[in-house]
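Shown below: upload-v9.tsv, with TSV, C-alpha atoms.
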```
chain	number	residue	atom	x	y	z
A	13	ARG	CA	90.09	148.50	95.55
A	14	GLN	CA	91.12	151.53	93.50
A	15	SER	CA	88.60	153.66	95.44
A	16	ILE	CA	90.02	152.44	98.76
A	17	THR	CA	93.55	153.24	97.59
A	18	MET	CA	92.47	156.71	96.50
A	19	ASP	CA	90.72	157.37	99.83
A	20	ASN	CA	93.82	156.29	101.71
A	21	GLN	CA	96.00	158.55	99.57
A	22	ASN	CA	93.64	161.46	100.21
A	23	ARG	CA	93.94	160.88	103.95
A	24	VAL	CA	97.74	160.76	103.73
A	25	GLU	CA	97.82	164.05	101.84
A	26	GLN	CA	95.29	165.68	104.18
A	27	ILE	CA	97.34	164.69	107.23
A	28	ALA	CA	100.52	166.07	105.66
A	29	GLU	CA	98.83	169.32	104.68
A	30	LEU	CA	97.23	169.73	108.10
A	31	LYS	CA	100.61	169.24	109.76
A	32	ALA	CA	102.18	171.89	107.50
A	33	LEU	CA	99.34	174.32	108.21
A	34	ARG	CA	99.75	173.82	111.97
A	35	GLN	CA	103.44	174.65	111.66
A	36	GLN	CA	102.89	177.62	109.37
A	37	TYR	CA	100.05	179.29	111.26
A	38	GLY	CA	100.61	177.90	114.74
A	39	ARG	CA	103.36	180.41	115.51
A	40	ALA	CA	101.01	183.37	115.08
A	41	THR	CA	98.48	181.64	117.30
A	42	GLU	CA	101.06	181.09	120.05
A	43	GLN	CA	102.37	184.66	119.78
A	44	ASN	CA	98.88	186.19	119.59
A	45	ASP	CA	100.01	188.32	116.66
A	46	ASP	CA	97.03	190.15	115.14
A	47	ALA	CA	98.99	190.83	111.95
A	48	ASP	CA	98.97	187.12	111.09
A	49	PRO	CA	96.00	184.75	110.97
A	50	THR	CA	95.51	182.46	113.94
A	51	PHE	CA	94.82	178.75	113.48
A	52	GLU	CA	92.22	176.62	115.22
A	53	PHE	CA	91.64	172.93	114.50
A	54	LEU	CA	87.93	172.09	114.70
A	55	GLY	CA	88.21	168.36	114.06
A	56	PRO	CA	87.65	165.56	113.68
A	57	LYS	CA	91.11	164.14	113.09
A	58	VAL	CA	91.59	162.97	109.52
A	59	PRO	CA	91.47	159.21	110.32
A	60	GLN	CA	88.14	159.70	112.14
A	61	ALA	CA	86.61	162.00	109.51
A	62	THR	CA	83.59	160.83	107.49
A	63	VAL	CA	81.65	162.11	104.51
A	64	GLU	CA	79.04	163.54	106.88
A	65	ASN	CA	81.60	164.89	109.35
A	66	PRO	CA	84.75	165.97	107.48
A	67	THR	CA	87.85	167.58	108.93
A	68	ARG	CA	87.50	171.33	109.52
A	69	MET	CA	89.76	174.16	110.66
A	70	GLN	CA	89.57	177.92	111.13
A	71	PHE	CA	91.89	180.80	110.29
A	72	SER	CA	91.05	184.09	112.02
A	73	TYR	CA	92.27	187.32	110.44
A	74	GLU	CA	91.90	189.69	113.38
A	75	GLU	CA	93.43	192.61	111.47
A	76	HIS	CA	90.68	192.47	108.86
A	77	ASP	CA	87.92	191.19	111.19
A	78	PHE	CA	86.98	187.94	109.48
A	79	ARG	CA	87.60	184.21	109.76
A	80	VAL	CA	87.88	181.51	107.13
A	81	THR	CA	86.52	178.06	107.90
A	82	VAL	CA	88.11	175.38	105.72
A	83	THR	CA	86.51	171.98	105.22
A	84	LEU	CA	88.38	169.03	103.71
A	85	PRO	CA	85.82	166.77	101.95
A	86	SER	CA	86.57	163.05	101.84
A	87	GLY	CA	87.40	163.29	98.13
A	88	TYR	CA	89.99	166.05	98.65
A	89	PRO	CA	92.43	166.56	97.04
A	90	SER	CA	92.14	163.92	94.30
A	91	GLN	CA	88.47	164.45	93.37
A	92	THR	CA	87.30	167.74	94.80
A	93	SER	CA	88.48	171.07	96.19
A	94	PRO	CA	88.42	172.25	99.79
A	95	MET	CA	85.38	174.23	100.90
A	96	PHE	CA	85.77	177.78	102.23
A	97	GLN	CA	83.33	179.80	104.31
A	98	VAL	CA	84.06	183.38	105.31
A	99	ASN	CA	82.38	185.08	108.29
A	100	ALA	CA	82.84	188.43	109.97
A	101	LEU	CA	84.30	188.33	113.48
A	102	GLY	CA	82.44	191.45	114.60
A	103	ASN	CA	85.41	193.04	116.38
A	104	GLN	CA	84.42	196.58	115.36
A	105	CYS	CA	87.43	197.21	113.15
A	106	LEU	CA	87.66	200.25	110.88
A	107	THR	CA	86.26	198.29	107.94
A	108	VAL	CA	82.94	196.57	108.62
A	109	ILE	CA	82.83	193.17	106.95
A	110	THR	CA	79.57	192.82	105.04
A	111	HIS	CA	77.97	189.89	103.19
A	112	GLY	CA	79.56	191.38	100.08
A	113	HIS	CA	83.04	191.16	101.60
A	114	GLU	CA	82.40	187.59	102.75
A	115	GLU	CA	81.29	186.45	99.32
A	116	ALA	CA	84.09	188.27	97.49
A	117	ILE	CA	86.79	186.75	99.72
A	118	GLN	CA	85.23	183.29	99.42
A	119	GLU	CA	85.20	183.62	95.64
A	120	LEU	CA	88.90	184.53	95.65
A	121	LEU	CA	89.74	181.41	97.64
A	122	GLU	CA	87.54	179.11	95.54
A	123	GLU	CA	88.98	180.50	92.31
A	124	GLN	CA	92.56	179.90	93.47
A	125	ALA	CA	91.71	176.34	94.55
A	126	SER	CA	90.16	175.65	91.14
A	127	TYR	CA	93.54	176.27	89.52
A	128	MET	CA	95.05	173.32	91.42
A	129	PRO	CA	92.82	170.29	90.76
A	130	GLY	CA	94.05	167.09	92.38
A	131	MET	CA	96.61	168.91	94.54
A	132	PRO	CA	96.65	170.12	98.16
A	133	CYS	CA	95.89	173.83	97.86
A	134	VAL	CA	94.69	175.24	101.20
A	135	ALA	CA	97.95	177.03	102.02
A	136	THR	CA	98.34	178.38	98.49
A	137	SER	CA	94.77	179.67	98.48
A	138	LEU	CA	95.15	181.35	101.87
A	139	MET	CA	98.31	183.11	100.67
A	140	LEU	CA	96.03	185.37	98.62
A	141	LEU	CA	94.86	186.91	101.88
A	142	ASP	CA	98.35	187.85	103.12
A	143	ASP	CA	98.26	191.26	101.43
A	144	LEU	CA	94.50	191.59	101.12
A	145	ASP	CA	93.18	195.07	100.35
A	146	LEU	CA	89.52	195.10	101.32
A	147	THR	CA	88.91	198.27	99.31
A	148	SER	CA	89.93	196.51	96.09
A	149	LEU	CA	87.33	193.73	96.36
A	150	ASP	CA	84.50	193.57	93.83
A	151	LEU	CA	81.49	193.73	96.14
A	152	GLY	CA	78.88	193.83	93.40
A	153	HIS	CA	75.74	195.82	94.24
A	154	PRO	CA	74.64	195.09	97.83
A	155	GLY	CA	71.24	196.07	99.13
A	156	ARG	CA	69.17	195.30	96.02
A	157	CYS	CA	65.81	193.63	96.67
A	158	ARG	CA	63.56	191.37	94.58
A	159	SER	CA	59.79	191.02	94.72
A	160	ILE	CA	58.02	188.05	93.11
A	161	PHE	CA	54.25	187.82	93.02
A	162	LYS	CA	51.52	185.94	91.18
A	163	VAL	CA	48.25	187.14	89.64
A	164	ASP	CA	45.78	184.35	88.90
A	165	VAL	CA	43.91	186.16	86.12
A	166	VAL	CA	44.65	189.29	84.10
A	167	ASN	CA	41.66	190.45	82.02
A	168	ASN	CA	43.38	193.17	80.03
A	169	SER	CA	47.04	192.37	79.48
A	170	LYS	CA	47.69	195.66	77.70
A	171	GLN	CA	46.43	197.67	80.66
A	172	PHE	CA	48.24	195.40	83.12
A	173	THR	CA	51.65	195.63	81.45
A	174	LYS	CA	51.33	199.40	81.11
A	175	SER	CA	50.57	199.72	84.83
A	176	LEU	CA	53.29	197.24	85.80
A	177	LYS	CA	55.90	199.14	83.79
A	178	ASN	CA	54.89	202.43	85.42
A	179	ALA	CA	55.12	200.85	88.88
A	180	ALA	CA	58.61	199.45	88.14
A	181	SER	CA	59.84	202.99	87.37
A	182	GLY	CA	62.67	201.82	85.16
A	183	ASN	CA	63.84	199.01	87.46
A	184	PRO	CA	64.34	195.55	85.95
A	185	CYS	CA	61.01	193.73	85.69
A	186	VAL	CA	59.98	190.51	83.98
A	187	TYR	CA	56.52	188.94	83.73
A	188	LEU	CA	55.72	185.34	82.81
A	189	TYR	CA	52.25	184.39	81.65
A	190	ARG	CA	49.93	181.82	80.10
A	191	THR	CA	47.30	182.84	77.59
A	192	ILE	CA	43.57	182.19	77.89
A	193	GLU	CA	41.39	181.01	75.06
A	194	CYS	CA	38.33	183.22	75.50
A	195	GLN	CA	36.32	182.72	72.31
A	196	ASN	CA	32.61	182.19	73.04
A	197	ASN	CA	33.28	182.69	76.75
A	198	ALA	CA	30.94	185.32	78.15
A	199	LYS	CA	33.10	185.57	81.28
A	200	PHE	CA	35.80	187.25	79.21
A	201	SER	CA	33.55	189.29	76.92
A	202	PHE	CA	35.38	192.50	77.88
A	203	ALA	CA	38.79	190.89	78.09
A	204	VAL	CA	41.70	192.07	75.94
A	205	ASP	CA	44.32	189.35	75.41
A	206	PRO	CA	43.68	187.85	78.88
A	207	TRP	CA	46.32	185.88	80.76
A	208	ARG	CA	46.34	183.44	83.64
A	209	ALA	CA	48.93	182.38	86.20
A	210	VAL	CA	51.01	185.53	85.70
A	211	TYR	CA	54.28	185.69	87.64
A	212	CYS	CA	56.01	189.05	88.04
A	213	LEU	CA	59.62	189.52	89.11
A	214	CYS	CA	60.87	193.01	89.83
A	215	ASP	CA	64.22	194.20	91.21
A	216	ALA	CA	64.78	197.41	93.15
A	217	ARG	CA	67.95	199.26	94.10
A	218	ASN	CA	67.08	199.16	97.80
A	219	LYS	CA	64.39	198.00	100.23
A	220	LYS	CA	62.54	201.32	100.18
A	221	GLU	CA	62.09	201.12	96.41
A	222	ALA	CA	60.91	197.51	96.73
A	223	VAL	CA	58.34	198.48	99.39
A	224	ASP	CA	57.12	201.42	97.30
A	225	PHE	CA	56.78	199.17	94.25
A	226	MET	CA	54.63	196.60	96.06
A	227	ARG	CA	52.52	199.34	97.64
A	228	THR	CA	51.81	200.75	94.18
A	229	ILE	CA	50.94	197.31	92.81
A	230	ARG	CA	48.48	196.69	95.64
A	231	THR	CA	46.79	200.10	95.63
A	232	ASP	CA	46.71	201.07	91.93
A	233	LYS	CA	42.99	201.20	91.04
A	234	ALA	CA	43.75	200.79	87.35
A	235	MET	CA	46.22	197.91	87.32
A	236	ASP	CA	43.75	195.87	85.24
A	237	MET	CA	40.20	195.97	83.88
A	238	ASP	CA	37.39	194.07	85.59
A	239	MET	CA	34.87	191.74	83.94
A	240	LEU	CA	32.81	194.77	82.84
A	241	GLY	CA	35.75	196.55	81.28
A	242	LYS	CA	36.15	199.04	84.13
A	243	PRO	CA	39.56	199.85	85.73
A	244	GLY	CA	40.26	197.88	88.88
A	245	ARG	CA	42.84	196.53	91.28
A	246	ILE	CA	44.43	193.11	91.00
A	247	GLN	CA	44.32	190.19	93.40
A	248	LEU	CA	47.87	189.04	93.95
A	249	THR	CA	49.80	186.49	95.98
A	250	VAL	CA	53.31	187.37	97.15
A	251	ILE	CA	55.64	184.47	96.36
A	252	GLU	CA	58.95	185.84	97.67
A	253	GLU	CA	60.56	189.08	98.80
A	254	PHE	CA	64.28	189.04	99.56
A	255	GLU	CA	67.63	190.81	99.34
A	256	ILE	CA	69.61	189.77	96.27
A	257	LYS	CA	73.18	188.55	96.48
A	258	PRO	CA	75.54	191.48	95.82
A	259	LYS	CA	76.76	189.84	92.61
A	260	GLY	CA	73.43	188.29	91.69
A	261	LYS	CA	72.07	188.95	88.21
A	262	ASN	CA	69.16	191.28	87.67
A	263	VAL	CA	66.03	189.88	86.06
A	264	ASN	CA	66.92	191.72	82.85
A	265	SER	CA	66.31	189.67	79.73
A	266	SER	CA	69.18	188.32	77.67
A	267	SER	CA	68.57	191.19	75.23
A	268	GLY	CA	69.30	193.67	78.03
A	269	SER	CA	65.74	195.00	78.19
A	270	VAL	CA	64.69	196.02	81.71
A	271	PHE	CA	61.01	195.27	81.03
A	272	GLU	CA	59.93	192.19	79.14
A	273	GLY	CA	57.47	189.31	79.22
A	274	TYR	CA	57.59	185.65	78.25
A	275	GLU	CA	54.84	183.17	77.58
A	276	TYR	CA	55.28	179.74	79.16
A	277	ARG	CA	53.25	176.64	78.34
A	278	THR	CA	54.27	174.07	80.94
A	279	ASP	CA	55.41	173.95	84.55
A	280	LYS	CA	58.83	172.91	83.28
A	281	ASP	CA	59.00	176.07	81.17
A	282	LEU	CA	58.06	178.14	84.22
A	283	ASP	CA	60.70	176.47	86.41
A	284	GLU	CA	63.43	177.13	83.85
A	285	LEU	CA	62.48	180.80	83.70
A	286	MET	CA	61.87	181.31	87.43
A	287	ASN	CA	64.35	179.15	89.29
A	288	PRO	CA	67.56	181.11	88.52
A	289	PHE	CA	65.95	184.19	90.08
A	290	SER	CA	64.31	182.54	93.11
A	291	ALA	CA	65.44	183.06	96.70
A	292	THR	CA	67.03	179.61	96.75
A	293	GLU	CA	69.48	180.69	94.06
A	294	ALA	CA	69.66	184.47	94.36
A	295	ALA	CA	68.99	185.55	97.95
A	296	VAL	CA	71.57	186.68	100.47
A	297	MET	CA	71.91	183.87	102.96
A	298	VAL	CA	72.33	184.69	106.64
A	299	ARG	CA	75.36	182.76	107.83
A	300	THR	CA	75.89	181.63	111.38
A	301	SER	CA	79.26	181.84	113.03
A	302	SER	CA	81.10	178.55	113.30
```
Could you spell out this file's structure in structure tokens?
Amino acid sequence: RQSITMDNQNRVEQIAELKALRQQYGRATEQNDDADPTFEFLGPKVPQATVENPTRMQFSYEEHDFRVTVTLPSGYPSQTSPMFQVNALGNQCLTVITHGHEEAIQELLEEQASYMPGMPCVATSLMLLDDLDLTSLDLGHPGRCRSIFKVDVVNNSKQFTKSLKNAASGNPCVYLYRTIECQNNAKFSFAVDPWRAVYCLCDARNKKEAVDFMRTIRTDKAMDMDMLGKPGRIQLTVIEEFEIKPKGKNVNSSSGSVFEGYEYRTDKDLDELMNPFSATEAAVMVRTSS
């Protein structure tokens, strides 16, 4: 019963806020004034909204060439905040809206909403954009790229890490490995601290550097030593290659070192080390216009 009462109260507050937003932004829409954002209701109406299909609306800022899509989840405002998505309009304005701009503006809106838990906050959050200066936004470092690859077996880890560090050329690089017990194993008679299931993560300042890095890794004839102790190439599998979010963290270790390795013993250990830097968490996502 309490849940039903809370849901009803959320709907009452959503309807009231939607009405106020229509009044506040509807005038600019009617007057076609590019200096003010225009409002478009996307639906459904609050009484017909569901968890899977919540109420949505759009605010287009023609002057700055972007739109904000606002979603009101069923638990808003009592239990959760509104959701904001920012997309470029593509109107060829003086300032080109990039993924970095979109993310920075979205972060501003989400931060403002977080200051008002349990309260209607769409209008207050959007007020931040009234005097928006695009040049003042923290865009992070757009254009960086990450390469992640796996090497099944490394015979000479000392040779491998030396070659890997040279290929990284000072860019952040981390390698994760499991050791091999090679006592009384003729297969590894020339091995020096061999590893298996080695995962390498390397960041580059741009796509060209990332391509050059992978080319070096593939073609270096002394990346490792073969079973006879002679220099040789490595057999690798590319796991992921992607552009990093402008504000995404580098793979630097917590100590700040740009080149470091970690031994892992279980798949769980590997997931904890890898997942924060995978494409799912760290890649720039291509957004579609609403």
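Between atom CA of Asn168 of chain A and atom CA of Asp283 of chain A lies a distance of 24.9 Å.
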Atom pair atom CA of Asp232 of chain A + atom CA of Val165 of chain A, distance 16.2 Å
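When all atoms listed in the file are used to compute distances to Thr92 of chain A, the closest of the residues A:Tyr127, A:Phe172, A:Trp207, A:Phe254 turns out to be A:Tyr127.
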Centre and edge lengths, as JSON, for the axis-aligned box enclosing every listed atom of segment 133-146 of chain A with 4 Å of padding on each of the six sides, in Å to one decimal?
```
{"center_x": 93.9, "center_y": 184.5, "center_z": 100.5, "size_x": 16.8, "size_y": 29.3, "size_z": 13.3}
```
Sorted per-residue table, segment 14-115 of chain A near segment 147-163 of chain A, closest atoms and distance, 9 Å, only C-alpha atoms, as CSV:
```
residue,atom,partner,partner_atom,distance
A:His111,CA,A:Pro154,CA,8.2
A:Gly112,CA,A:Leu151,CA,5.0
A:His113,CA,A:Leu151,CA,6.2
A:Glu115,CA,A:Leu151,CA,7.9
```
Writer output for current selection, C-alpha atoms, as a PDB file, in the frame of the given file:
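Contents of the output file selection31.pdb:
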```
ATOM      1  CA  HIS A 111      77.970 189.890 103.190  1.00  0.00           C
ATOM      2  CA  GLY A 112      79.560 191.380 100.080  1.00  0.00           C
ATOM      3  CA  HIS A 113      83.040 191.160 101.600  1.00  0.00           C
ATOM      4  CA  GLU A 115      81.290 186.450  99.320  1.00  0.00           C
TER       5      GLU A 115
END
```
Could you tell me how far atom CA of Pro132 of chain A lies from atom CA of Ile117 of chain A, in Å and to one decimal?
19.4 Å
Long-range neighbours of Ala125 of chain A as a ChimeraX atom specification, 8 Å cut-off, all atoms listed in the file, 6 positions minimum in chain:
/A:93-94,133-134,136-137
Between A:Thr228, A:Val223, A:Gln118, A:Gln97, which one has atoms that come closest to Arg68 of chain A, using all atoms listed in the file?
A:Gln97
Please identify all polymer residues lying at most 12 Å from the point (46.5, 195.2, 76.7) (file coordinates), using all atoms listed in the file, and present the result as a VMD selection string.
chain A and resid 166 to 176 202 to 207 235 to 237 241
